[in-house]
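Student: So I've got this file, structure.txt, and it contains compact mmCIF, C-alpha atoms:
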```txt
# COMPACT_ATOMS: atom_id res chain seq x y z
CA HIS T 1073 24.53 -34.15 -32.57
CA ALA T 1074 21.41 -33.29 -30.64
CA HIS T 1075 22.81 -35.19 -27.69
CA ALA T 1076 26.07 -33.23 -27.87
CA HIS T 1077 24.11 -29.97 -28.07
CA ALA T 1078 22.07 -30.91 -24.99
CA HIS T 1079 25.27 -31.83 -23.21
CA THR T 1080 26.95 -28.49 -23.93
CA ARG T 1081 23.83 -26.64 -22.86
CA ALA T 1082 23.77 -28.60 -19.60
CA ALA T 1083 27.44 -27.73 -19.10
CA THR T 1084 26.88 -24.03 -19.69
CA MET T 1085 23.94 -24.03 -17.31
CA GLN T 1086 26.03 -25.85 -14.78
CA GLY T 1087 28.77 -23.29 -15.29
CA GLY T 1088 26.33 -20.45 -14.73
CA PHE T 1089 25.26 -21.82 -11.37
CA THR T 1090 28.73 -22.55 -10.09
CA SER T 1091 30.28 -19.18 -10.93
CA PRO T 1092 31.35 -17.49 -7.66
CA ALA T 1093 28.87 -14.61 -7.82
CA LYS T 1094 25.93 -16.91 -8.37
CA SER T 1095 26.91 -19.61 -5.90
CA SER T 1096 27.40 -17.16 -3.04
CA GLN T 1097 24.02 -15.64 -3.81
CA PHE T 1098 22.23 -18.99 -3.83
CA GLY T 1099 24.32 -20.20 -0.89
CA ALA T 1100 23.25 -17.24 1.22
CA SER T 1101 19.58 -17.74 0.49
CA GLN T 1102 19.77 -21.47 1.17
CA GLY T 1103 21.69 -20.92 4.39
CA SER T 1104 19.06 -18.62 5.87
CA PRO T 1105 15.61 -19.96 5.05
CA SER T 1106 13.92 -17.32 7.23
CA VAL T 1107 15.39 -14.49 5.17
CA ASN T 1108 14.49 -16.34 2.00
CA ALA T 1109 10.92 -16.96 3.15
CA LYS T 1110 10.53 -13.30 4.11
CA ARG T 1111 11.94 -12.12 0.83
CA ASN T 1112 9.54 -14.21 -1.23
CA GLN T 1113 6.49 -13.96 0.93
CA SER T 1114 4.23 -11.58 -0.93
CA LEU T 1115 3.41 -9.60 -4.00
CA THR T 1116 3.09 -5.88 -3.20
CA PRO T 1117 0.99 -3.56 -5.39
CA LEU T 1118 2.92 -0.29 -5.70
CA SER T 1119 3.12 2.99 -7.54
CA ILE T 1120 6.29 3.66 -9.52
CA LYS T 1121 7.04 6.63 -7.24
CA GLN T 1122 7.11 4.23 -4.27
CA LEU T 1123 9.47 1.91 -6.16
CA ILE T 1124 11.86 4.72 -7.01
CA GLU T 1125 11.83 6.01 -3.42
CA ALA T 1126 12.19 2.54 -1.83
CA LYS T 1127 14.83 2.33 0.89
CA GLN T 1128 17.70 -0.12 0.47
CA PRO T 1129 19.02 -1.80 3.62
CA ASP T 1130 21.54 -3.50 1.30
CA SER T 1131 22.05 -3.91 -2.44
CA MET T 1132 19.82 -7.01 -2.62
CA SER T 1133 16.85 -5.91 -0.52
CA PHE T 1134 14.33 -3.08 -0.48
CA SER T 1135 11.80 -1.74 1.99
CA ILE T 1136 8.74 0.46 1.51
CA ASP T 1137 6.68 1.70 4.50
CA ASP T 1138 9.21 -0.19 6.67
CA LYS T 1139 8.13 -3.51 5.14
CA PRO T 1140 10.45 -5.71 3.05
CA VAL T 1141 9.52 -5.70 -0.62
CA SER T 1142 10.63 -8.15 -3.27
CA GLN T 1143 7.92 -9.10 -5.74
CA VAL T 1144 6.02 -6.07 -6.97
CA LYS T 1145 3.02 -5.35 -9.16
CA ILE T 1146 2.66 -2.14 -11.14
CA VAL T 1147 0.15 -1.00 -13.74
CA GLY T 1148 1.08 1.70 -16.22
CA MET T 1149 1.48 2.70 -19.83
CA ILE T 1150 4.40 1.70 -22.04
CA LEU T 1151 6.17 4.83 -23.31
CA SER T 1152 8.91 3.05 -25.26
CA VAL T 1153 10.15 -0.43 -26.11
CA ASP T 1154 13.81 -1.31 -26.59
CA VAL T 1155 14.54 -4.84 -27.83
CA SER T 1156 18.00 -6.38 -27.82
CA ALA T 1157 19.22 -9.96 -28.24
CA ALA T 1158 19.08 -10.79 -24.54
CA THR T 1159 16.47 -8.40 -23.13
CA THR T 1160 13.36 -6.40 -23.86
CA ASN T 1161 13.20 -3.12 -21.92
CA TYR T 1162 9.91 -1.26 -21.51
CA THR T 1163 9.74 2.25 -20.10
CA VAL T 1164 6.50 2.24 -18.08
CA ASP T 1165 4.74 5.32 -16.65
CA ASP T 1166 1.82 5.16 -14.19
CA GLY T 1167 1.31 8.88 -13.59
CA THR T 1168 3.53 8.92 -10.47
CA GLY T 1169 6.82 8.23 -12.26
CA GLN T 1170 8.65 6.13 -14.83
CA ILE T 1171 10.68 2.95 -14.46
CA THR T 1172 12.41 0.44 -16.73
CA VAL T 1173 10.76 -2.98 -16.87
CA ARG T 1174 13.14 -5.63 -18.18
CA ILE T 1175 12.35 -9.08 -19.53
CA TYR T 1176 15.26 -11.42 -20.22
CA THR T 1177 14.51 -13.19 -23.48
CA ASN T 1178 15.18 -16.89 -23.43
CA GLU T 1179 15.80 -18.83 -26.64
CA ASP T 1180 13.35 -21.50 -25.42
CA ALA T 1181 10.59 -19.07 -24.50
CA PRO T 1182 7.98 -18.37 -27.16
CA GLN T 1183 8.52 -14.91 -28.62
CA ASP T 1184 4.83 -14.00 -28.56
CA LEU T 1185 4.76 -14.16 -24.76
CA ASN T 1186 4.45 -10.38 -24.58
CA SER T 1187 2.54 -9.83 -27.79
CA GLY T 1188 0.39 -6.75 -27.65
CA CYS T 1189 2.91 -4.97 -25.40
CA ARG T 1190 3.81 -1.92 -27.44
CA GLU T 1191 3.92 1.85 -27.00
CA ASP T 1192 0.81 3.55 -25.58
CA VAL T 1193 -0.60 0.26 -24.22
CA TYR T 1194 -1.50 -0.11 -20.53
CA VAL T 1195 0.13 -3.17 -18.97
CA LYS T 1196 0.17 -5.11 -15.71
CA VAL T 1197 3.70 -5.95 -14.64
CA VAL T 1198 4.70 -8.51 -12.02
CA GLY T 1199 8.37 -8.88 -11.20
CA ASN T 1200 11.24 -8.28 -8.80
CA LEU T 1201 12.60 -4.88 -7.86
CA ARG T 1202 16.35 -4.79 -8.57
CA ASP T 1203 19.13 -2.27 -8.31
CA ILE T 1204 21.34 -2.47 -11.38
CA SER T 1205 24.37 -0.16 -11.06
CA GLY T 1206 22.47 2.36 -8.97
CA GLN T 1207 19.30 2.36 -11.07
CA LYS T 1208 16.13 0.72 -9.81
CA ILE T 1209 14.41 -1.44 -12.40
CA VAL T 1210 11.77 -4.16 -12.37
CA VAL T 1211 12.89 -7.53 -13.73
CA ALA T 1212 9.54 -8.90 -14.87
CA PHE T 1213 8.13 -12.42 -14.85
CA GLN T 1214 5.10 -11.25 -16.77
CA VAL T 1215 3.93 -8.19 -18.68
CA HIS T 1216 0.33 -8.40 -19.90
CA PRO T 1217 -1.80 -5.77 -21.65
CA VAL T 1218 -4.67 -4.50 -19.50
CA THR T 1219 -7.90 -5.78 -21.02
CA ASN T 1220 -10.35 -4.12 -18.65
CA PHE T 1221 -9.71 -0.54 -17.57
CA ASN T 1222 -11.22 -1.22 -14.14
CA GLU T 1223 -7.94 -3.03 -13.47
CA ILE T 1224 -6.14 0.33 -13.45
CA THR T 1225 -8.53 1.79 -10.87
CA MET T 1226 -8.41 -1.41 -8.83
CA HIS T 1227 -4.63 -1.33 -8.85
CA HIS T 1228 -4.55 2.28 -7.58
CA LEU T 1229 -7.02 1.39 -4.81
CA ASP T 1230 -4.87 -1.62 -3.96
CA VAL T 1231 -1.79 0.59 -3.73
CA VAL T 1232 -3.50 3.06 -1.37
CA HIS T 1233 -5.02 0.26 0.72
CA THR T 1234 -1.69 -1.57 1.08
CA HIS T 1235 0.12 1.66 1.99
CA LEU T 1236 -2.45 2.49 4.68
CA LYS T 1237 -2.47 -1.05 6.05
CA ASN T 1238 1.33 -1.07 6.29
CA THR T 1239 1.55 2.36 7.92
CA LYS T 1240 -1.57 2.35 10.09
CA GLY T 1241 -2.27 -1.31 10.82
CA PRO T 1242 -5.30 -3.33 9.67
CA LEU T 1243 -8.96 -2.41 10.26
CA ASP T 1244 -11.14 -4.22 12.78
CA ALA T 1245 -14.32 -6.13 11.90
CA LYS T 1246 -16.37 -2.90 11.84
CA GLY T 1247 -13.95 -1.28 9.41
CA ASN T 1248 -12.44 1.05 12.02
CA LEU T 1249 -8.77 1.52 12.64
CA ALA T 1250 -7.81 -0.67 15.60
CA GLN T 1251 -6.62 1.86 18.20
CA LYS T 1252 -4.36 -0.70 19.80
CA ALA T 1253 -2.25 -1.04 16.69
CA VAL T 1254 1.02 0.66 17.59
CA PRO T 1255 2.96 1.52 14.47
CA GLN T 1256 6.49 0.12 14.46
CA ASN T 1257 7.89 3.53 13.70
CA PRO T 1258 7.95 5.70 16.88
CA MET T 1259 7.53 8.82 14.71
CA LEU T 1260 4.02 7.53 13.98
CA ALA T 1261 3.02 6.72 17.54
CA ASN T 1262 0.37 9.46 17.62
CA SER T 1263 -0.83 8.95 14.07
CA SER T 1264 -4.20 7.41 15.01
CA ALA T 1265 -5.38 10.90 15.98
CA HIS T 1266 -4.77 12.39 12.55
CA TYR T 1267 -3.96 11.09 9.11
CA ASP T 1268 -0.36 11.90 8.27
CA GLY T 1269 0.33 9.82 5.20
CA GLY T 1270 2.11 7.17 7.20
CA ASN T 1271 5.67 7.49 6.14
CA SER T 1272 7.40 9.80 8.62
CA GLY T 1273 9.64 11.11 5.84
CA GLU T 1274 6.60 12.44 4.01
CA ASN T 1275 5.49 14.54 6.97
CA ASP T 1276 8.86 16.17 7.27
CA ASP T 1277 8.64 16.98 3.57
CA MET T 1278 5.20 18.57 3.89
CA GLU T 1279 5.34 22.34 3.64
CA PRO T 1280 3.47 24.56 6.15
CA HIS T 1281 0.77 25.58 3.65
CA GLN T 1282 0.20 21.93 2.74
CA SER T 1283 -0.26 20.77 6.34
CA ALA T 1284 -2.45 23.82 7.11
CA VAL T 1285 -4.74 22.97 4.18
CA LEU T 1286 -4.85 19.31 5.21
CA LYS T 1287 -5.79 20.26 8.79
CA ILE T 1288 -8.80 22.28 7.62
CA PHE T 1289 -9.94 19.48 5.31
CA GLN T 1290 -9.72 17.10 8.27
CA GLN T 1291 -11.97 19.37 10.36
CA GLU T 1292 -14.46 19.98 7.54
CA SER T 1293 -14.58 16.34 6.32
CA ARG T 1294 -16.18 15.31 9.62
CA ASN T 1295 -19.05 17.75 9.13
CA SER T 1296 -19.95 17.22 5.51
CA GLU T 1297 -20.43 14.44 2.98
CA SER T 1298 -19.02 16.54 0.17
CA GLY T 1299 -16.02 17.74 2.22
CA ALA T 1300 -14.97 21.35 1.74
CA SER T 1301 -14.79 23.69 -1.23
CA ILE T 1302 -11.57 25.34 -2.31
CA THR T 1303 -13.27 28.74 -1.75
CA LEU T 1304 -13.91 27.84 1.90
CA ILE T 1305 -10.28 26.80 2.44
CA VAL T 1306 -9.08 30.05 0.83
CA SER T 1307 -11.30 32.08 3.17
CA LYS T 1308 -10.04 30.17 6.24
CA LEU T 1309 -6.35 30.60 5.35
CA PRO T 1310 -5.94 34.29 4.47
CA GLN T 1311 -2.18 34.01 5.10
CA TYR T 1312 -1.77 31.95 1.90
CA THR T 1313 -2.57 32.92 -1.69
CA PRO T 1314 -5.30 31.02 -3.58
CA ALA T 1315 -2.55 29.74 -5.90
CA GLN T 1316 -0.62 28.29 -2.94
CA ILE T 1317 -3.80 26.64 -1.66
CA ARG T 1318 -4.61 25.11 -5.06
CA ASP T 1319 -1.01 23.91 -5.27
CA ALA T 1320 -1.32 22.32 -1.82
CA ILE T 1321 -4.61 20.61 -2.78
CA GLU T 1322 -3.00 19.22 -5.93
CA PHE T 1323 -0.08 17.91 -3.87
CA LEU T 1324 -2.34 16.40 -1.17
CA SER T 1325 -4.63 14.66 -3.66
CA GLY T 1326 -1.59 13.37 -5.57
CA GLU T 1327 -0.22 11.91 -2.33
CA GLY T 1328 -3.55 10.24 -1.57
CA HIS T 1329 -4.59 12.49 1.35
CA LEU T 1330 -7.58 14.08 -0.43
CA TYR T 1331 -10.08 13.05 -3.09
CA SER T 1332 -12.51 15.21 -5.06
CA THR T 1333 -16.22 14.76 -4.28
CA ILE T 1334 -19.15 16.45 -6.06
CA ASP T 1335 -16.89 18.35 -8.49
CA GLU T 1336 -13.27 19.44 -8.98
CA GLU T 1337 -13.77 22.28 -6.46
CA HIS T 1338 -14.76 20.06 -3.50
CA TYR T 1339 -12.38 17.72 -1.70
CA LYS T 1340 -12.56 15.44 1.29
CA CYS T 1341 -9.95 13.67 3.44
CA THR T 1342 -9.25 10.04 2.66
CA SER T 1343 -9.54 9.32 6.40
CA ASP T 1344 -12.05 10.81 8.83
```
Starting from the file, give its structure as structure tokens.
Tutor:
Amino acid sequence: HAHAHAHTRAATMQGGFTSPAKSSQFGASQGSPSVNAKRNQSLTPLSIKQLIEAKQPDSMSFSIDDKPVSQVKIVGMILSVDVSAATTNYTVDDGTGQITVRIYTNEDAPQDLNSGCREDVYVKVVGNLRDISGQKIVVAFQVHPVTNFNEITMHHLDVVHTHLKNTKGPLDAKGNLAQKAVPQNPMLANSSAHYDGGNSGENDDMEPHQSAVLKIFQQESRNSESGASITLIVSKLPQYTPAQIRDAIEFLSGEGHLYSTIDEEHYKCTSD
């Protein structure tokens, strides 16, 4: 009986692999090892906002900061858990957005693989970004509760560092931006002179009051360790209301252009 059971399982597995949809998918990846190698080459730490805004050259591939992205790592909090026979779906939020993280449950896999993953728990997720009927989700290999909260901070630093490296090129031995690095995107050709968030789309989206505020922070950040106070920015930009300026600062720090220094009233540019 056991033998028969094993045999039918083997047959169903076989069937799964030879169905047309699957075989063409595997065939394509086998036929073009370079594409396959590229697709699997690295694990990218990302914010959920970046995942949701990822560009799609085709239904199977994604790019962020003009780099191909397949395996991703996110860190966030589980808002809800939805368990069905075949899948467990977690809604995860990392402060920049929300995304569904799906684990396909396998009858052979131990059920306690994701124990401890429940609502209001911070988790590390590693998986593949997928588009399922127009909705981006992460199909996860692993979801583990965060045991040390430094991991959350480290992840955010990793995300910023990866984004800057991909948009501005790596640093030299002294930690300075190599001037020779020419960004692939011609829109960014002059970006070594000023920090513009990398992704050309973001600059177009920046409103005049936001770029005006950023410009002053760039000037002031060179002169002072603690950056500039909101009061100073308000006095230098009389054409905008204090509320607009605070709104711009909130936007710029959310996008990773500014960080607060001695208190919540002083900010500095993330790049000099």
Student: Using all atoms listed in the file, which of the listed residues (T:Thr1172, T:Ser1152, T:Thr1219, T:Gln1128) sits closest to Arg1190 (chain T)?
Tutor: T:Ser1152
Student: Which residues are close to Glu1297 (chain T), i.e. within 10 Å by all atoms listed in the file, leaving aside same-chain residues fewer than 6 positions away? Reply as a PyMOL selection string.
Tutor: chain T and resi 1333-1334+1339-1340
Student: So that I can see what lies close to Gly1326 (chain T), please list as a PyMOL selection string the residues with an atom at most 12 Å from it, counting only C-alpha atoms and leaving out residues fewer than 6 positions away in the same chain.
Tutor: chain T and resi 1119+1121+1167-1169+1228+1232+1269+1319-1320+1332+1342
Student: Skip Ile1171 (chain T) itself and residues of its chain fewer than 2 positions away, then list as a PyMOL selection string all residues within 10 Å of it, counting only C-alpha atoms.
Tutor: chain T and resi 1120-1121+1123-1124+1148+1150+1161-1166+1169+1173-1174+1207-1210
Student: Please, what distance in Å, to one decimal, runs between CA of Lys1308 (chain T) and CA of Ile1288 (chain T)?
Tutor: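 Between CA of Lys1308 (chain T) and CA of Ile1288 (chain T) the gap works out to 8.1 Å.
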